[in-house]
Amino acid sequence: MIKYLSLAGLFLVAGCHSTSKTTTSSETTATSSDPVVYAATITESELKEHLYTYASDEFEGRETGKPGQKKAVNYLRQHYMDLDIPAAKADGDYFQNVPLEMAKLPDGSMSINGKEYSLGEDFITFTPLEGEFTEVVYAGFGIDESEYSDYTGLDVRGKVVLLKAGEPVNEDGTYLLSGSDKKSSWGNMSEGSDKRLKAAKARGVKAILYVDSDNFQRYERYYKRMKSNDRGRLGFKADADNPALILVNDVMASAIFPKLKDLKGAFVQETDLVASLESSNEAISTENVVAYIKGSEKPDEYLVISSHLDHIGVSKDGSINNGADDDGSGSVALLEIAEAFQLAVEAGQRPKRSVVFLHVTGEEKGLLGSRYYTDYDPVFPLEQTVANLNIDMIGRIDPNREGDRNYVYLIGSDKLSSDLHQLSEAINEKYTNITLDYTYNDENDPNRFYYRSDHYNFAKNNIPIIFYFNGTHDDYHRPGDTPDKINYDLLTNRTRLVFHTAWAVANRNERVVVDKMSK
């Protein structure tokens, strides 16, 4: 799982060990159409064998674009080849190349009416910008919808705009876009920043000055950590023509618009703004791994099961971050789920819908692999994708959680589809009897886990999702996240839960109903 970096959306478009057993098995004499038969092939021994290889030192922490990540994708590809599960791409290649580039943090400064402002203190950016500008356009929240647009009547092509965080509110305190006391996606820190960037790009904006007073210090701390570590920004080559995105503090914003807080609508301010921010880029080669089993009755409807194949690599002191739980556990779970489905196919029980096995790269760098799949190059049409089941960290126990160890956190199952949520509950009750914990499903969860793994890129496209997660622990993003600390009985039972849910979604007569579209 990506660390909590709300900057990812803004700038890139973020143990306890027990030996008791909980793995369930069925003594029922089952027919070949019973999913219990195939779920039983998901075993502790096979998961363990895979993980001790996949999260070994040989794979060097699987950092995106590094040699260890290449070993990981080759391992995954070979597994699907051995199982005779075909590649999802029409050309037969299991690899979906994800064109990335590493941009070094820019150097330079900006000045307004002759006064210079400091990068990292007065403003923060990961994007270069050079030029002289004689005006800045205030465009409110930067929202652009058919029923409400801050760009109405404005010509912003090639110009610098100043936008503020948030969204419009009615006199009764409800939000204008949602018509309720619930924020729209524009008011969400992660989704809203991405939507603003896309809207500005569509309008031809050259650069965005973004005011988010509540979160500026958080961004500032993150920038300084990156600067001290000499880290760059990994992003898509295709994003190079995006508007420059610059977060400015209140002082800098007021230097352009002295009465910013009093502005009620669009306003053009003459000013002398000079930007001299330079950066250099390096191409990074990386790839998703995508295989699939074609459906028998509804082959043009797709269930995507995902996990991220990457981790954070090698620390400065040479310590390898093996990422056994994050997300080695999800990666090997997906391999076992795919094998179970293929065994069903060989027994004459091909799923009605197509099932896609998606291992994404770049999750730790900002959900990049999944974003590339959904936003740039979906192998299968998103409108025909019925659901996404995302697995990210399901092999450990949250040391802060009290109660039964046989649990899993579910996030997002009810966000877009009551149907999927109810199905998930029923499947668990019938087959696995795991405690489904919805602690982190809360809209106000300060951890914001809903936005921190790959399901999010499907959910933002109104595709129903379930995120399976065991919570964090003391070894999260540390060298101590090793295969010997995995609870293999829990990993097995949780993997079987995902399989049973996937089986139900793939084989039911009607596709999952979306009854809570996000705005």
# chains A, B, ... in the order shown; residues from 1 in each chain; ligands from 1

call {"tool": "residues_around", "arguments": {"residues": "range 294-311 of chain A", "least_positions_apart": "6", "cutoff": "6 Å", "atoms": "only C-alpha atoms", "output": "PyMOL selection string"}}
result
chain A and resi 61-64+323+330-331+351-361+384-392

call {"tool": "residues_around", "arguments": {"residues": "Lys115 in chain A", "least_positions_apart": "4", "cutoff": "10 Å", "atoms": "only C-alpha atoms", "output": "list of chain:residue names"}}
result
A:Met110, A:Ser111, A:Met252, A:Ala255, A:Asp272, A:Leu273, A:Val274

call {"tool": "residues_around", "arguments": {"residues": "range 169-185 of chain A", "least_positions_apart": "3", "cutoff": "9 Å", "atoms": "only C-alpha atoms", "output": "VMD selection string"}}
result
chain A and resid 147 to 148 188 to 192 195 460 518 to 519

call {"tool": "write_last_selection", "arguments": {"atoms": "all heavy atoms", "output": "PDB file, in the first residue's frame"}}
result
ATOM      1  N   GLU A 147     -23.622  21.418 -14.875  1.00  0.00           N
ATOM      2  CA  GLU A 147     -24.555  22.186 -14.064  1.00  0.00           C
ATOM      3  C   GLU A 147     -23.896  23.328 -13.289  1.00  0.00           C
ATOM      4  O   GLU A 147     -24.576  24.197 -12.740  1.00  0.00           O
ATOM      5  CB  GLU A 147     -25.296  21.263 -13.089  1.00  0.00           C
ATOM      6  CG  GLU A 147     -24.416  20.629 -12.010  1.00  0.00           C
ATOM      7  CD  GLU A 147     -23.798  19.314 -12.389  1.00  0.00           C
ATOM      8  OE1 GLU A 147     -23.552  19.098 -13.590  1.00  0.00           O
ATOM      9  OE2 GLU A 147     -23.560  18.488 -11.489  1.00  0.00           O
ATOM     10  N   TYR A 148     -22.580  23.325 -13.236  1.00  0.00           N
ATOM     11  CA  TYR A 148     -21.856  24.397 -12.534  1.00  0.00           C
ATOM     12  C   TYR A 148     -20.423  24.431 -13.057  1.00  0.00           C
ATOM     13  O   TYR A 148     -19.737  23.398 -13.091  1.00  0.00           O
ATOM     14  CB  TYR A 148     -21.841  24.153 -11.027  1.00  0.00           C
ATOM     15  CG  TYR A 148     -20.974  25.142 -10.268  1.00  0.00           C
ATOM     16  CD1 TYR A 148     -21.500  26.326  -9.765  1.00  0.00           C
ATOM     17  CD2 TYR A 148     -19.614  24.896 -10.073  1.00  0.00           C
ATOM     18  CE1 TYR A 148     -20.703  27.238  -9.091  1.00  0.00           C
ATOM     19  CE2 TYR A 148     -18.803  25.802  -9.398  1.00  0.00           C
ATOM     20  CZ  TYR A 148     -19.353  26.976  -8.909  1.00  0.00           C
ATOM     21  OH  TYR A 148     -18.561  27.883  -8.241  1.00  0.00           O
ATOM     22  N   ASN A 188     -13.211  16.414  -2.377  1.00  0.00           N
ATOM     23  CA  ASN A 188     -12.294  15.428  -1.813  1.00  0.00           C
ATOM     24  C   ASN A 188     -10.861  15.773  -2.186  1.00  0.00           C
ATOM     25  O   ASN A 188     -10.574  16.102  -3.336  1.00  0.00           O
ATOM     26  CB  ASN A 188     -12.673  14.038  -2.330  1.00  0.00           C
ATOM     27  CG  ASN A 188     -11.712  12.978  -1.876  1.00  0.00           C
ATOM     28  OD1 ASN A 188     -10.667  12.787  -2.477  1.00  0.00           O
ATOM     29  ND2 ASN A 188     -12.074  12.289  -0.813  1.00  0.00           N
ATOM     30  N   MET A 189      -9.963  15.692  -1.221  1.00  0.00           N
ATOM     31  CA  MET A 189      -8.592  16.135  -1.450  1.00  0.00           C
ATOM     32  C   MET A 189      -7.921  15.380  -2.598  1.00  0.00           C
ATOM     33  O   MET A 189      -7.214  15.966  -3.417  1.00  0.00           O
ATOM     34  CB  MET A 189      -7.765  15.959  -0.174  1.00  0.00           C
ATOM     35  CG  MET A 189      -6.436  16.674  -0.236  1.00  0.00           C
ATOM     36  SD  MET A 189      -5.350  16.436   1.194  1.00  0.00           S
ATOM     37  CE  MET A 189      -6.464  15.954   2.474  1.00  0.00           C
ATOM     38  N   SER A 190      -8.141  14.068  -2.673  1.00  0.00           N
ATOM     39  CA  SER A 190      -7.486  13.273  -3.706  1.00  0.00           C
ATOM     40  C   SER A 190      -8.198  13.388  -5.049  1.00  0.00           C
ATOM     41  O   SER A 190      -7.591  13.736  -6.059  1.00  0.00           O
ATOM     42  CB  SER A 190      -7.426  11.806  -3.266  1.00  0.00           C
ATOM     43  OG  SER A 190      -6.700  11.668  -2.066  1.00  0.00           O
ATOM     44  N   GLU A 191      -9.479  13.091  -5.057  1.00  0.00           N
ATOM     45  CA  GLU A 191     -10.236  13.131  -6.304  1.00  0.00           C
ATOM     46  C   GLU A 191     -10.324  14.548  -6.869  1.00  0.00           C
ATOM     47  O   GLU A 191     -10.188  14.761  -8.078  1.00  0.00           O
ATOM     48  CB  GLU A 191     -11.647  12.587  -6.085  1.00  0.00           C
ATOM     49  CG  GLU A 191     -11.745  11.092  -5.970  1.00  0.00           C
ATOM     50  CD  GLU A 191     -13.190  10.651  -5.816  1.00  0.00           C
ATOM     51  OE1 GLU A 191     -13.696  10.692  -4.689  1.00  0.00           O
ATOM     52  OE2 GLU A 191     -13.795  10.268  -6.836  1.00  0.00           O
ATOM     53  N   GLY A 192     -10.565  15.510  -5.985  1.00  0.00           N
ATOM     54  CA  GLY A 192     -10.773  16.877  -6.435  1.00  0.00           C
ATOM     55  C   GLY A 192      -9.574  17.461  -7.145  1.00  0.00           C
ATOM     56  O   GLY A 192      -9.718  18.154  -8.159  1.00  0.00           O
ATOM     57  N   LYS A 195      -9.354  16.011 -10.655  1.00  0.00           N
ATOM     58  CA  LYS A 195     -10.396  16.561 -11.534  1.00  0.00           C
ATOM     59  C   LYS A 195     -10.072  17.998 -11.938  1.00  0.00           C
ATOM     60  O   LYS A 195     -10.313  18.416 -13.080  1.00  0.00           O
ATOM     61  CB  LYS A 195     -11.757  16.478 -10.832  1.00  0.00           C
ATOM     62  CG  LYS A 195     -12.284  15.053 -10.673  1.00  0.00           C
ATOM     63  CD  LYS A 195     -13.487  15.002  -9.749  1.00  0.00           C
ATOM     64  CE  LYS A 195     -14.753  15.445 -10.414  1.00  0.00           C
ATOM     65  NZ  LYS A 195     -15.307  14.384 -11.297  1.00  0.00           N
ATOM     66  N   LYS A 460     -13.159   5.556  -8.982  1.00  0.00           N
ATOM     67  CA  LYS A 460     -13.373   6.917  -9.499  1.00  0.00           C
ATOM     68  C   LYS A 460     -14.057   6.887 -10.858  1.00  0.00           C
ATOM     69  O   LYS A 460     -14.591   7.898 -11.314  1.00  0.00           O
ATOM     70  CB  LYS A 460     -12.050   7.682  -9.564  1.00  0.00           C
ATOM     71  CG  LYS A 460     -11.135   7.262 -10.696  1.00  0.00           C
ATOM     72  CD  LYS A 460      -9.833   8.036 -10.675  1.00  0.00           C
ATOM     73  CE  LYS A 460      -8.996   7.709 -11.902  1.00  0.00           C
ATOM     74  NZ  LYS A 460      -7.679   8.387 -11.889  1.00  0.00           N
ATOM     75  N   SER A 518     -20.771   8.116  -8.064  1.00  0.00           N
ATOM     76  CA  SER A 518     -20.061   9.261  -7.482  1.00  0.00           C
ATOM     77  C   SER A 518     -20.103  10.422  -8.449  1.00  0.00           C
ATOM     78  O   SER A 518     -20.132  10.239  -9.664  1.00  0.00           O
ATOM     79  CB  SER A 518     -18.613   8.897  -7.166  1.00  0.00           C
ATOM     80  OG  SER A 518     -17.895   8.644  -8.349  1.00  0.00           O
ATOM     81  N   LYS A 519     -20.121  11.649  -7.887  1.00  0.00           N
ATOM     82  CA  LYS A 519     -20.173  12.851  -8.721  1.00  0.00           C
ATOM     83  C   LYS A 519     -18.808  13.474  -8.848  1.00  0.00           C
ATOM     84  O   LYS A 519     -18.076  13.529  -7.906  1.00  0.00           O
ATOM     85  CB  LYS A 519     -21.140  13.856  -8.100  1.00  0.00           C
ATOM     86  CG  LYS A 519     -22.491  13.866  -8.796  1.00  0.00           C
ATOM     87  CD  LYS A 519     -23.294  15.058  -8.360  1.00  0.00           C
ATOM     88  CE  LYS A 519     -24.028  15.639  -9.534  1.00  0.00           C
ATOM     89  NZ  LYS A 519     -24.880  16.769  -9.161  1.00  0.00           N
TER      90      LYS A 519
END

call {"tool": "residues_around", "arguments": {"residues": "Ile112 in chain A", "least_positions_apart": "2", "cutoff": "12 Å", "atoms": "only C-alpha atoms", "output": "list of chain:residue names"}}
result
A:Ser109, A:Met110, A:Gly114, A:Lys115, A:Glu116, A:Tyr117, A:Ser118, A:Asp122, A:Glu132, A:Phe133, A:Thr134, A:Glu135, A:Val136, A:Val251, A:Met252, A:Ala253, A:Ser254, A:Ala255, A:Ile256, A:Phe257, A:Gln269, A:Glu270, A:Thr271, A:Asp272, A:Leu273, A:Val274, A:Ala275, A:Ser276

call {"tool": "select_by_dssp", "arguments": {"residues": "range 164-227 of chain A", "states": "alpha helix (DSSP H)", "output": "MDAnalysis selection string"}}
result
chainID A and resid 189:202 216:227

call {"tool": "write_last_selection", "arguments": {"atoms": "C-alpha atoms", "output": "JSON list (two decimals), in the first residue's frame"}}
result
[["chain", "number", "residue", "atom", "x", "y", "z"],
["A", 189, "MET", "CA", -8.59, 16.14, -1.45],
["A", 190, "SER", "CA", -7.49, 13.27, -3.71],
["A", 191, "GLU", "CA", -10.24, 13.13, -6.30],
["A", 192, "GLY", "CA", -10.77, 16.88, -6.43],
["A", 193, "SER", "CA", -7.19, 17.75, -7.27],
["A", 194, "ASP", "CA", -7.12, 15.24, -10.11],
["A", 195, "LYS", "CA", -10.40, 16.56, -11.53],
["A", 196, "ARG", "CA", -9.18, 20.17, -11.33],
["A", 197, "LEU", "CA", -6.03, 19.27, -13.22],
["A", 198, "LYS", "CA", -7.97, 17.51, -15.97],
["A", 199, "ALA", "CA", -10.46, 20.37, -16.25],
["A", 200, "ALA", "CA", -7.69, 22.94, -16.48],
["A", 201, "LYS", "CA", -5.86, 20.90, -19.10],
["A", 202, "ALA", "CA", -9.02, 20.65, -21.19],
["A", 216, "PHE", "CA", -0.06, 23.50, 2.98],
["A", 217, "GLN", "CA", 2.14, 22.56, 5.94],
["A", 218, "ARG", "CA", 1.57, 18.86, 5.27],
["A", 219, "TYR", "CA", 2.68, 19.30, 1.67],
["A", 220, "GLU", "CA", 5.62, 21.37, 2.81],
["A", 221, "ARG", "CA", 6.85, 18.60, 5.12],
["A", 222, "TYR", "CA", 6.55, 16.03, 2.36],
["A", 223, "TYR", "CA", 8.44, 18.22, -0.10],
["A", 224, "LYS", "CA", 11.29, 18.74, 2.34],
["A", 225, "ARG", "CA", 11.56, 15.00, 2.99],
["A", 226, "MET", "CA", 11.83, 14.41, -0.74],
["A", 227, "LYS", "CA", 14.40, 17.16, -1.07]]

call {"tool": "closest_residue", "arguments": {"among": "A:Ala139, A:Ala506, A:Leu162, A:Leu382", "to": "Leu209 in chain A", "atoms": "only C-alpha atoms"}}
result
A:Leu162

call {"tool": "atom_distance", "arguments": {"atom1": "CA of Asp57 in chain A", "atom2": "CA of Ala291 in chain A"}}
result
26.1 Å

call {"tool": "closest_residue", "arguments": {"among": "A:Leu343, A:Lys415, A:Ile208, A:His421", "to": "Ala39 in chain A", "atoms": "only C-alpha atoms"}}
result
A:Leu343

call {"tool": "residues_around", "arguments": {"residues": "Gly265 in chain A", "least_positions_apart": "2", "cutoff": "8 Å", "atoms": "only C-alpha atoms", "output": "list of chain:residue names"}}
result
A:Tyr138, A:Ala139, A:Gly140, A:Asp150, A:Leu263, A:Phe267

call {"tool": "residues_around", "arguments": {"residues": "range 439-443 of chain A", "least_positions_apart": "4", "cutoff": "12 Å", "atoms": "only C-alpha atoms", "output": "compact mmCIF listing (two decimals) with C-alpha atoms, in the first residue's frame"}}
result
# COMPACT_ATOMS: atom_id res chain seq x y z
CA LYS A 182 -22.07 15.10 1.69
CA LYS A 183 -19.20 16.53 -0.32
CA ASN A 188 -12.29 15.43 -1.81
CA ASP A 398 -3.16 -5.27 12.92
CA ASN A 400 -3.97 -2.26 17.36
CA ARG A 401 -7.06 -4.28 16.61
CA GLU A 402 -8.81 -6.13 19.40
CA TYR A 407 -10.74 -10.97 10.38
CA VAL A 408 -10.12 -8.79 7.37
CA TYR A 409 -10.79 -5.10 6.85
CA LEU A 410 -13.16 -4.42 3.96
CA ILE A 411 -13.12 -0.96 2.44
CA GLY A 412 -15.41 0.44 -0.23
CA SER A 413 -17.77 -2.49 -0.73
CA ASP A 414 -20.83 -0.26 -0.19
CA LYS A 415 -19.55 2.96 -1.75
CA HIS A 421 -21.83 -5.23 -0.44
CA THR A 435 -15.04 -11.25 10.72
CA ASN A 447 -5.91 7.28 7.28
CA ARG A 448 -7.80 7.71 4.00
CA PHE A 449 -7.13 4.08 3.05
CA TYR A 450 -9.91 4.21 0.46
CA TYR A 451 -7.69 6.47 -1.65
CA ARG A 452 -4.42 4.65 -1.04
CA ILE A 466 -13.91 -4.16 -2.60
CA PHE A 467 -10.53 -3.52 -0.99
CA TYR A 468 -9.23 -6.40 1.19
CA PHE A 469 -6.69 -5.26 3.81
CA ASN A 470 -5.26 -6.47 7.13
CA GLY A 471 -4.20 -3.06 8.45
CA THR A 472 -0.71 -1.74 9.04

call {"tool": "atom_distance", "arguments": {"atom1": "CA of Glu339 in chain A", "atom2": "CA of Lys365 in chain A"}}
result
28.9 Å

call {"tool": "select_by_dssp", "arguments": {"residues": "range 217-448 of chain A", "states": "strand (DSSP E)", "output": "PyMOL selection string"}}
result
chain A and resi 233-236+244-248+267-278+281-284+287-293+298-308+353-360+385-391+407-411+435-437

call {"tool": "atom_distance", "arguments": {"atom1": "CA of Thr127 in chain A", "atom2": "CA of Leu245 in chain A"}}
result
6.5 Å

call {"tool": "closest_residue", "arguments": {"among": "A:Thr43, A:Ser417, A:Asn444, A:Gln422", "to": "Val512 in chain A", "atoms": "only C-alpha atoms"}}
result
A:Ser417

call {"tool": "residues_around", "arguments": {"residues": "Ala207 in chain A", "least_positions_apart": "5", "cutoff": "8 Å", "atoms": "only C-alpha atoms", "output": "PyMOL selection string"}}
result
chain A and resi 129+159-161+243-246

call {"tool": "closest_residue", "arguments": {"among": "A:Pro399, A:Gly166, A:Pro258, A:Gly235", "to": "Glu363 in chain A", "atoms": "only C-alpha atoms"}}
result
A:Gly235

call {"tool": "decode", "arguments": {"residues": "range 310-322 of chain A", "atoms": "all heavy atoms", "output": "mmCIF file, in the first residue's frame"}}
result
data_model
loop_
_atom_site.group_PDB
_atom_site.id
_atom_site.type_symbol
_atom_site.label_atom_id
_atom_site.label_comp_id
_atom_site.auth_asym_id
_atom_site.auth_seq_id
_atom_site.Cartn_x
_atom_site.Cartn_y
_atom_site.Cartn_z
ATOM 1 N N ASP A 310 4.711 -4.300 -7.023
ATOM 2 C CA ASP A 310 5.912 -3.574 -6.625
ATOM 3 C C ASP A 310 5.991 -3.386 -5.114
ATOM 4 O O ASP A 310 5.027 -3.605 -4.381
ATOM 5 C CB ASP A 310 5.941 -2.203 -7.292
ATOM 6 C CG ASP A 310 4.779 -1.315 -6.826
ATOM 7 O OD1 ASP A 310 3.620 -1.786 -6.867
ATOM 8 O OD2 ASP A 310 5.023 -0.161 -6.392
ATOM 9 N N HIS A 311 7.163 -2.948 -4.656
ATOM 10 C CA HIS A 311 7.338 -2.495 -3.278
ATOM 11 C C HIS A 311 8.342 -1.337 -3.312
ATOM 12 O O HIS A 311 8.496 -0.688 -4.345
ATOM 13 C CB HIS A 311 7.770 -3.648 -2.376
ATOM 14 C CG HIS A 311 7.650 -3.339 -0.911
ATOM 15 N ND1 HIS A 311 6.486 -2.858 -0.354
ATOM 16 C CD2 HIS A 311 8.553 -3.398 0.107
ATOM 17 C CE1 HIS A 311 6.660 -2.651 0.942
ATOM 18 N NE2 HIS A 311 7.907 -2.963 1.237
ATOM 19 N N ILE A 312 9.019 -1.071 -2.205
ATOM 20 C CA ILE A 312 9.802 0.170 -2.101
ATOM 21 C C ILE A 312 11.311 -0.039 -2.276
ATOM 22 O O ILE A 312 12.080 0.910 -2.136
ATOM 23 C CB ILE A 312 9.519 0.886 -0.767
ATOM 24 C CG1 ILE A 312 9.928 0.030 0.433
ATOM 25 C CG2 ILE A 312 8.055 1.281 -0.688
ATOM 26 C CD1 ILE A 312 9.847 0.764 1.767
ATOM 27 N N GLY A 313 11.747 -1.267 -2.554
ATOM 28 C CA GLY A 313 13.135 -1.484 -2.915
ATOM 29 C C GLY A 313 14.110 -1.570 -1.762
ATOM 30 O O GLY A 313 13.798 -2.100 -0.694
ATOM 31 N N VAL A 314 15.294 -1.012 -1.975
ATOM 32 C CA VAL A 314 16.411 -1.114 -1.036
ATOM 33 C C VAL A 314 16.624 0.220 -0.331
ATOM 34 O O VAL A 314 16.645 1.275 -0.972
ATOM 35 C CB VAL A 314 17.703 -1.532 -1.778
ATOM 36 C CG1 VAL A 314 18.860 -1.682 -0.805
ATOM 37 C CG2 VAL A 314 17.475 -2.838 -2.548
ATOM 38 N N SER A 315 16.774 0.176 0.984
ATOM 39 C CA SER A 315 17.012 1.386 1.762
ATOM 40 C C SER A 315 18.426 1.915 1.538
ATOM 41 O O SER A 315 19.295 1.211 1.007
ATOM 42 C CB SER A 315 16.803 1.111 3.260
ATOM 43 O OG SER A 315 15.489 0.673 3.517
ATOM 44 N N LYS A 316 18.658 3.151 1.939
ATOM 45 C CA LYS A 316 19.974 3.763 1.744
ATOM 46 C C LYS A 316 21.099 2.981 2.413
ATOM 47 O O LYS A 316 22.229 2.969 1.944
ATOM 48 C CB LYS A 316 19.960 5.199 2.271
ATOM 49 C CG LYS A 316 19.358 6.210 1.302
ATOM 50 C CD LYS A 316 19.586 7.632 1.783
ATOM 51 C CE LYS A 316 19.155 8.650 0.745
ATOM 52 N NZ LYS A 316 19.411 10.044 1.166
ATOM 53 N N ASP A 317 20.765 2.302 3.534
ATOM 54 C CA ASP A 317 21.801 1.538 4.237
ATOM 55 C C ASP A 317 21.992 0.149 3.657
ATOM 56 O O ASP A 317 22.756 -0.656 4.197
ATOM 57 C CB ASP A 317 21.468 1.451 5.733
ATOM 58 C CG ASP A 317 20.178 0.672 6.002
ATOM 59 O OD1 ASP A 317 19.548 0.186 5.043
ATOM 60 O OD2 ASP A 317 19.800 0.559 7.188
ATOM 61 N N GLY A 318 21.319 -0.148 2.556
ATOM 62 C CA GLY A 318 21.465 -1.447 1.910
ATOM 63 C C GLY A 318 20.460 -2.485 2.352
ATOM 64 O O GLY A 318 20.443 -3.600 1.809
ATOM 65 N N SER A 319 19.621 -2.163 3.317
ATOM 66 C CA SER A 319 18.613 -3.113 3.790
ATOM 67 C C SER A 319 17.531 -3.291 2.721
ATOM 68 O O SER A 319 17.053 -2.314 2.136
ATOM 69 C CB SER A 319 17.964 -2.615 5.082
ATOM 70 O OG SER A 319 18.924 -2.452 6.103
ATOM 71 N N ILE A 320 17.146 -4.534 2.493
ATOM 72 C CA ILE A 320 16.125 -4.835 1.492
ATOM 73 C C ILE A 320 14.749 -4.831 2.140
ATOM 74 O O ILE A 320 14.525 -5.482 3.153
ATOM 75 C CB ILE A 320 16.397 -6.191 0.821
ATOM 76 C CG1 ILE A 320 17.721 -6.139 0.066
ATOM 77 C CG2 ILE A 320 15.252 -6.568 -0.124
ATOM 78 C CD1 ILE A 320 18.153 -7.469 -0.527
ATOM 79 N N ASN A 321 13.844 -4.087 1.554
ATOM 80 C CA ASN A 321 12.451 -4.079 2.000
ATOM 81 C C ASN A 321 11.696 -5.122 1.183
ATOM 82 O O ASN A 321 11.278 -4.854 0.050
ATOM 83 C CB ASN A 321 11.847 -2.685 1.799
ATOM 84 C CG ASN A 321 12.558 -1.632 2.625
ATOM 85 O OD1 ASN A 321 12.302 -1.461 3.808
ATOM 86 N ND2 ASN A 321 13.479 -0.920 1.984
ATOM 87 N N ASN A 322 11.547 -6.311 1.730
ATOM 88 C CA ASN A 322 11.031 -7.444 0.960
ATOM 89 C C ASN A 322 9.547 -7.338 0.620
ATOM 90 O O ASN A 322 9.091 -7.931 -0.355
ATOM 91 C CB ASN A 322 11.280 -8.757 1.716
ATOM 92 C CG ASN A 322 12.760 -9.033 1.923
ATOM 93 O OD1 ASN A 322 13.277 -8.911 3.023
ATOM 94 N ND2 ASN A 322 13.439 -9.389 0.856
#
